[in-house]
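Pasted below: upload.pdb, PDB, C-alpha atoms, pLDDT in the B column.
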MODEL        1
ATOM      1  CA  MET A  57      29.572 -28.922   3.331  1.00 78.00           C
ATOM      2  CA  PRO A  58      31.267 -27.642   6.476  1.00 85.00           C
ATOM      3  CA  LEU A  59      32.665 -24.110   6.599  1.00 90.00           C
ATOM      4  CA  TYR A  60      36.243 -23.483   7.734  1.00 92.00           C
ATOM      5  CA  GLU A  61      38.564 -20.563   8.396  1.00 92.00           C
ATOM      6  CA  HIS A  62      42.314 -21.050   8.053  1.00 92.00           C
ATOM      7  CA  VAL A  63      45.204 -18.807   9.107  1.00 92.00           C
ATOM      8  CA  PHE A  64      48.756 -19.744   8.290  1.00 92.00           C
ATOM      9  CA  ILE A  65      52.132 -18.118   8.818  1.00 93.00           C
ATOM     10  CA  SER A  66      54.932 -18.456   6.295  1.00 93.00           C
ATOM     11  CA  ARG A  67      58.603 -17.553   6.626  1.00 92.00           C
ATOM     12  CA  GLN A  68      59.609 -13.893   6.735  1.00 90.00           C
ATOM     13  CA  ASP A  69      62.270 -14.157   4.024  1.00 91.00           C
ATOM     14  CA  LEU A  70      59.697 -14.898   1.302  1.00 90.00           C
ATOM     15  CA  SER A  71      58.633 -12.096  -1.009  1.00 90.00           C
ATOM     16  CA  ASN A  72      55.034 -10.855  -0.940  1.00 88.00           C
ATOM     17  CA  THR A  73      54.286 -12.523  -4.267  1.00 90.00           C
ATOM     18  CA  GLN A  74      55.678 -15.852  -3.043  1.00 91.00           C
ATOM     19  CA  ALA A  75      53.553 -15.644   0.114  1.00 89.00           C
ATOM     20  CA  GLU A  76      50.437 -14.823  -1.915  1.00 88.00           C
ATOM     21  CA  GLY A  77      51.354 -17.706  -4.242  1.00 90.00           C
ATOM     22  CA  LEU A  78      51.167 -20.067  -1.264  1.00 91.00           C
ATOM     23  CA  VAL A  79      47.575 -18.938  -0.652  1.00 90.00           C
ATOM     24  CA  GLU A  80      46.707 -19.715  -4.280  1.00 92.00           C
ATOM     25  CA  HIS A  81      48.527 -23.045  -4.137  1.00 92.00           C
ATOM     26  CA  PHE A  82      46.709 -24.272  -1.022  1.00 91.00           C
ATOM     27  CA  GLY A  83      43.410 -22.898  -2.335  1.00 91.00           C
ATOM     28  CA  GLY A  84      43.972 -25.049  -5.413  1.00 91.00           C
ATOM     29  CA  VAL A  85      44.437 -28.096  -3.197  1.00 92.00           C
ATOM     30  CA  VAL A  86      41.027 -27.464  -1.640  1.00 91.00           C
ATOM     31  CA  THR A  87      39.294 -27.032  -5.011  1.00 92.00           C
ATOM     32  CA  ASP A  88      41.014 -30.122  -6.450  1.00 92.00           C
ATOM     33  CA  ASN A  89      39.552 -32.190  -3.591  1.00 90.00           C
ATOM     34  CA  GLY A  90      35.956 -31.043  -4.068  1.00 90.00           C
ATOM     35  CA  GLY A  91      35.888 -27.906  -1.940  1.00 90.00           C
ATOM     36  CA  LYS A  92      35.452 -24.225  -2.667  1.00 91.00           C
ATOM     37  CA  VAL A  93      37.533 -21.237  -1.527  1.00 91.00           C
ATOM     38  CA  VAL A  94      35.081 -18.531  -0.478  1.00 89.00           C
ATOM     39  CA  ASP A  95      37.562 -15.742   0.320  1.00 89.00           C
ATOM     40  CA  THR A  96      41.280 -15.170   0.809  1.00 90.00           C
ATOM     41  CA  GLU A  97      43.168 -12.330   2.451  1.00 89.00           C
ATOM     42  CA  TYR A  98      46.870 -11.606   2.652  1.00 89.00           C
ATOM     43  CA  TRP A  99      47.521  -9.798   5.939  1.00 88.00           C
ATOM     44  CA  GLY A 100      51.177  -8.994   5.287  1.00 87.00           C
ATOM     45  CA  VAL A 101      54.287  -9.338   7.414  1.00 91.00           C
ATOM     46  CA  LYS A 102      53.620  -9.111  11.142  1.00 90.00           C
ATOM     47  CA  THR A 103      55.777  -9.454  14.231  1.00 91.00           C
ATOM     48  CA  MET A 104      55.064 -12.579  16.253  1.00 90.00           C
ATOM     49  CA  ALA A 105      54.905 -12.798  20.040  1.00 90.00           C
ATOM     50  CA  TYR A 106      57.746 -15.339  20.125  1.00 90.00           C
ATOM     51  CA  LYS A 107      60.281 -16.832  17.735  1.00 90.00           C
ATOM     52  CA  ILE A 108      59.250 -19.759  15.558  1.00 88.00           C
ATOM     53  CA  ASN A 109      62.105 -21.580  13.821  1.00 86.00           C
ATOM     54  CA  LYS A 110      64.414 -18.616  14.539  1.00 88.00           C
ATOM     55  CA  ASN A 111      61.988 -16.200  12.836  1.00 89.00           C
ATOM     56  CA  ARG A 112      60.650 -13.132  14.637  1.00 92.00           C
ATOM     57  CA  LYS A 113      58.255 -12.105  11.811  1.00 93.00           C
ATOM     58  CA  GLY A 114      56.075 -13.948   9.333  1.00 92.00           C
ATOM     59  CA  HIS A 115      53.710 -13.539   6.392  1.00 93.00           C
ATOM     60  CA  TYR A 116      50.123 -14.020   7.598  1.00 92.00           C
ATOM     61  CA  ALA A 117      47.382 -15.292   5.283  1.00 92.00           C
ATOM     62  CA  PHE A 118      43.685 -16.037   5.856  1.00 91.00           C
ATOM     63  CA  MET A 119      41.309 -18.296   3.916  1.00 92.00           C
ATOM     64  CA  ARG A 120      37.605 -19.043   4.183  1.00 91.00           C
ATOM     65  CA  THR A 121      36.598 -22.369   2.656  1.00 92.00           C
ATOM     66  CA  ASP A 122      33.520 -24.473   2.078  1.00 92.00           C
ATOM     67  CA  ALA A 123      35.012 -27.934   1.804  1.00 91.00           C
ATOM     68  CA  PRO A 124      34.648 -31.556   2.900  1.00 92.00           C
ATOM     69  CA  ALA A 125      36.823 -32.705   5.788  1.00 90.00           C
ATOM     70  CA  GLU A 126      39.034 -34.787   3.473  1.00 91.00           C
ATOM     71  CA  ALA A 127      40.011 -31.687   1.453  1.00 91.00           C
ATOM     72  CA  VAL A 128      40.908 -29.761   4.606  1.00 90.00           C
ATOM     73  CA  GLN A 129      42.938 -32.680   5.950  1.00 92.00           C
ATOM     74  CA  GLU A 130      44.877 -32.936   2.681  1.00 92.00           C
ATOM     75  CA  MET A 131      45.568 -29.179   2.652  1.00 91.00           C
ATOM     76  CA  GLU A 132      46.783 -29.262   6.270  1.00 92.00           C
ATOM     77  CA  ARG A 133      48.974 -32.282   5.517  1.00 93.00           C
ATOM     78  CA  LEU A 134      50.622 -30.470   2.615  1.00 93.00           C
ATOM     79  CA  MET A 135      51.052 -27.329   4.740  1.00 91.00           C
ATOM     80  CA  ARG A 136      52.847 -29.317   7.441  1.00 92.00           C
ATOM     81  CA  LEU A 137      55.194 -30.782   4.806  1.00 93.00           C
ATOM     82  CA  HIS A 138      55.905 -27.435   3.118  1.00 90.00           C
ATOM     83  CA  ASP A 139      59.184 -25.854   4.248  1.00 90.00           C
ATOM     84  CA  ASP A 140      57.927 -22.263   3.981  1.00 90.00           C
ATOM     85  CA  VAL A 141      54.851 -22.713   6.232  1.00 92.00           C
ATOM     86  CA  MET A 142      55.601 -22.349   9.948  1.00 92.00           C
ATOM     87  CA  ARG A 143      52.161 -22.531  11.610  1.00 92.00           C
ATOM     88  CA  VAL A 144      48.604 -23.439  10.604  1.00 93.00           C
ATOM     89  CA  LEU A 145      45.310 -22.879  12.409  1.00 93.00           C
ATOM     90  CA  THR A 146      42.012 -24.250  11.088  1.00 92.00           C
ATOM     91  CA  ILE A 147      38.671 -23.533  12.723  1.00 93.00           C
ATOM     92  CA  LYS A 148      35.290 -24.948  11.787  1.00 90.00           C
ATOM     93  CA  VAL A 149      32.647 -22.192  11.842  1.00 89.00           C
ATOM     94  CA  ASP A 150      28.857 -22.165  11.599  1.00 87.00           C
ATOM     95  CA  GLU A 151      28.810 -19.356   9.037  1.00 83.00           C
ATOM     96  CA  HIS A 152      31.232 -16.980   7.362  1.00 77.00           C
ATOM     97  CA  GLU A 153      31.087 -13.329   8.350  1.00 74.00           C
ATOM     98  CA  GLU A 154      30.391 -10.840   5.584  1.00 79.00           C
ATOM     99  CA  GLY A 155      33.038  -8.335   4.611  1.00 73.00           C
ATOM    100  CA  PRO A 156      36.717  -8.210   5.502  1.00 74.00           C
ATOM    101  CA  SER A 157      38.162  -9.877   8.574  1.00 74.00           C
ATOM    102  CA  ILE A 158      38.948  -7.870  11.675  1.00 72.00           C
ATOM    103  CA  GLN A 159      42.624  -7.714  10.675  1.00 77.00           C
ATOM    104  CA  MET A 160      41.785  -5.928   7.424  1.00 75.00           C
ATOM    105  CA  GLN A 161      39.436  -3.357   8.912  1.00 72.00           C
ATOM    106  CA  LYS A 162      40.769   0.072   9.748  1.00 66.00           C
ATOM    107  CA  ARG A 163      41.154   0.889  13.402  1.00 53.00           C
ATOM    108  CA  ASP A 164      38.399   3.541  13.317  1.00 53.00           C
ATOM    109  CA  GLU A 165      35.934   1.123  11.671  1.00 57.00           C
ATOM    110  CA  ARG A 166      36.220  -1.437  14.482  1.00 54.00           C
ATOM    111  CA  GLY A 167      34.042   0.570  16.813  1.00 57.00           C
ATOM    112  CA  ASP A 168      34.816   2.359  20.018  1.00 57.00           C
ATOM    113  CA  ARG A 169      36.637   0.595  22.762  1.00 59.00           C
ATOM    114  CA  ARG A 170      35.727   1.256  26.308  1.00 62.00           C
ATOM    115  CA  GLU A 171      36.963   4.498  27.763  1.00 65.00           C
ATOM    116  CA  ARG A 172      40.197   4.577  29.728  1.00 64.00           C
ATOM    117  CA  ARG A 173      39.923   5.121  33.408  1.00 66.00           C
ATOM    118  CA  PRO A 174      41.621   8.234  34.835  1.00 65.00           C
TER     119      PRO A 174
ENDMDL
END
Would you put the structure from the file into structure tokens?
Amino acid sequence: MPLYEHVFISRQDLSNTQAEGLVEHFGGVVTDNGGKVVDTEYWGVKTMAYKINKNRKGHYAFMRTDAPAEAVQEMERLMRLHDDVMRVLTIKVDEHEEGPSIQMQKRDERGDRRERRP
């Protein structure tokens, strides 16, 4: 089955448990349609670059799935209909990376950036 990575942003006025409940809910949609949720991460509340639906911040969540296209389409359809979900991004990948995503890694674990010029 194809491998996918999903990031979605939910409204800022939700509690952390409600936002994490959305991840479980949409993961259940994938499993009910014959897919498998490989990994989920809750990234927390982050400030966005621009306002979406009068919100300046949002709860970010990340999912890695191994699912048929029909399951992903159904999950995205339900996300678009859900009032608490503001944005969804789904990417088809060749393979899932091991370990936590770049958002969950500590700044010192990411490796050195290039040196600043004087």
| request: Take atom CA of A:Gly155 and atom CA of A:Glu76 and report the distance between them in Å, one decimal. | output: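 Atom-to-atom, atom CA of A:Gly155 and atom CA of A:Glu76 are spaced 19.7 Å apart.
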Check what the PyMOL selection byres ((chain A and resi 138) around 12) selects in the file above and give those residues as a tab-separated table (two decimals) with C-alpha atoms, in the coordinates of the input.
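Dumped everything to selection26.tsv:
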chain	number	residue	atom	x	y	z
A	64	PHE	CA	48.76	-19.74	8.29
A	65	ILE	CA	52.13	-18.12	8.82
A	66	SER	CA	54.93	-18.46	6.30
A	67	ARG	CA	58.60	-17.55	6.63
A	78	LEU	CA	51.17	-20.07	-1.26
A	81	HIS	CA	48.53	-23.04	-4.14
A	82	PHE	CA	46.71	-24.27	-1.02
A	131	MET	CA	45.57	-29.18	2.65
A	132	GLU	CA	46.78	-29.26	6.27
A	133	ARG	CA	48.97	-32.28	5.52
A	134	LEU	CA	50.62	-30.47	2.62
A	135	MET	CA	51.05	-27.33	4.74
A	136	ARG	CA	52.85	-29.32	7.44
A	137	LEU	CA	55.19	-30.78	4.81
A	139	ASP	CA	59.18	-25.85	4.25
A	140	ASP	CA	57.93	-22.26	3.98
A	141	VAL	CA	54.85	-22.71	6.23
A	142	MET	CA	55.60	-22.35	9.95
A	143	ARG	CA	52.16	-22.53	11.61
A	144	VAL	CA	48.60	-23.44	10.60
| request: Enumerate, as a ChimeraX atom specification, the residues matched when the PyMOL selection byres ((chain A and resi 59) around 12) is run on the file above. | output: /A:57-58,60-62,91-95,119-125,127-128,146-153
| query | Given the file above and the PyMOL selection byres ((chain A and resi 104) around 12), which residues are selected, and can you give them as an MDAnalysis selection string? | reply | chainID A and resid 65:68 101:103 105:116 142:143
| note | One decimal place gives the atom CA of A:Glu97-atom CA of A:Gly84 separation as 15.0 Å
| request: Could you tell me how far atom CA of A:Met160 lies from atom CA of A:Tyr98, in Å and to one decimal? | output: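 Interatomic distance here is 9.0 Å.
Nearest residue to A:Gln161 among A:Leu70, A:Ala75, A:Trp99, A:Glu126 is A:Trp99, counting all atoms listed in the file.
Distance check against A:Val85 using all atoms listed in the file: of A:Asp69, A:Ile158, A:Gln129, A:Leu145, the minimum falls on A:Gln129.
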| message | Let me make sure I understand: among A:Glu130, A:Gly100, A:Phe118, A:Glu154, which one has the smallest atom-to-atom distance to A:Asn72 if we use all atoms listed in the file? | response |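 Result for the nearest residue to A:Asn72: A:Gly100.
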Step by step, gather every atom of stretch 117-135 of chain A that the file lists, find the box along x, y and z that holds them, add 5 Å on each side, and finally give centre and edge lengths in Å to one decimal, as JSON.
{"center_x": 42.3, "center_y": -25.0, "center_z": 3.9, "size_x": 27.5, "size_y": 29.5, "size_z": 14.8}
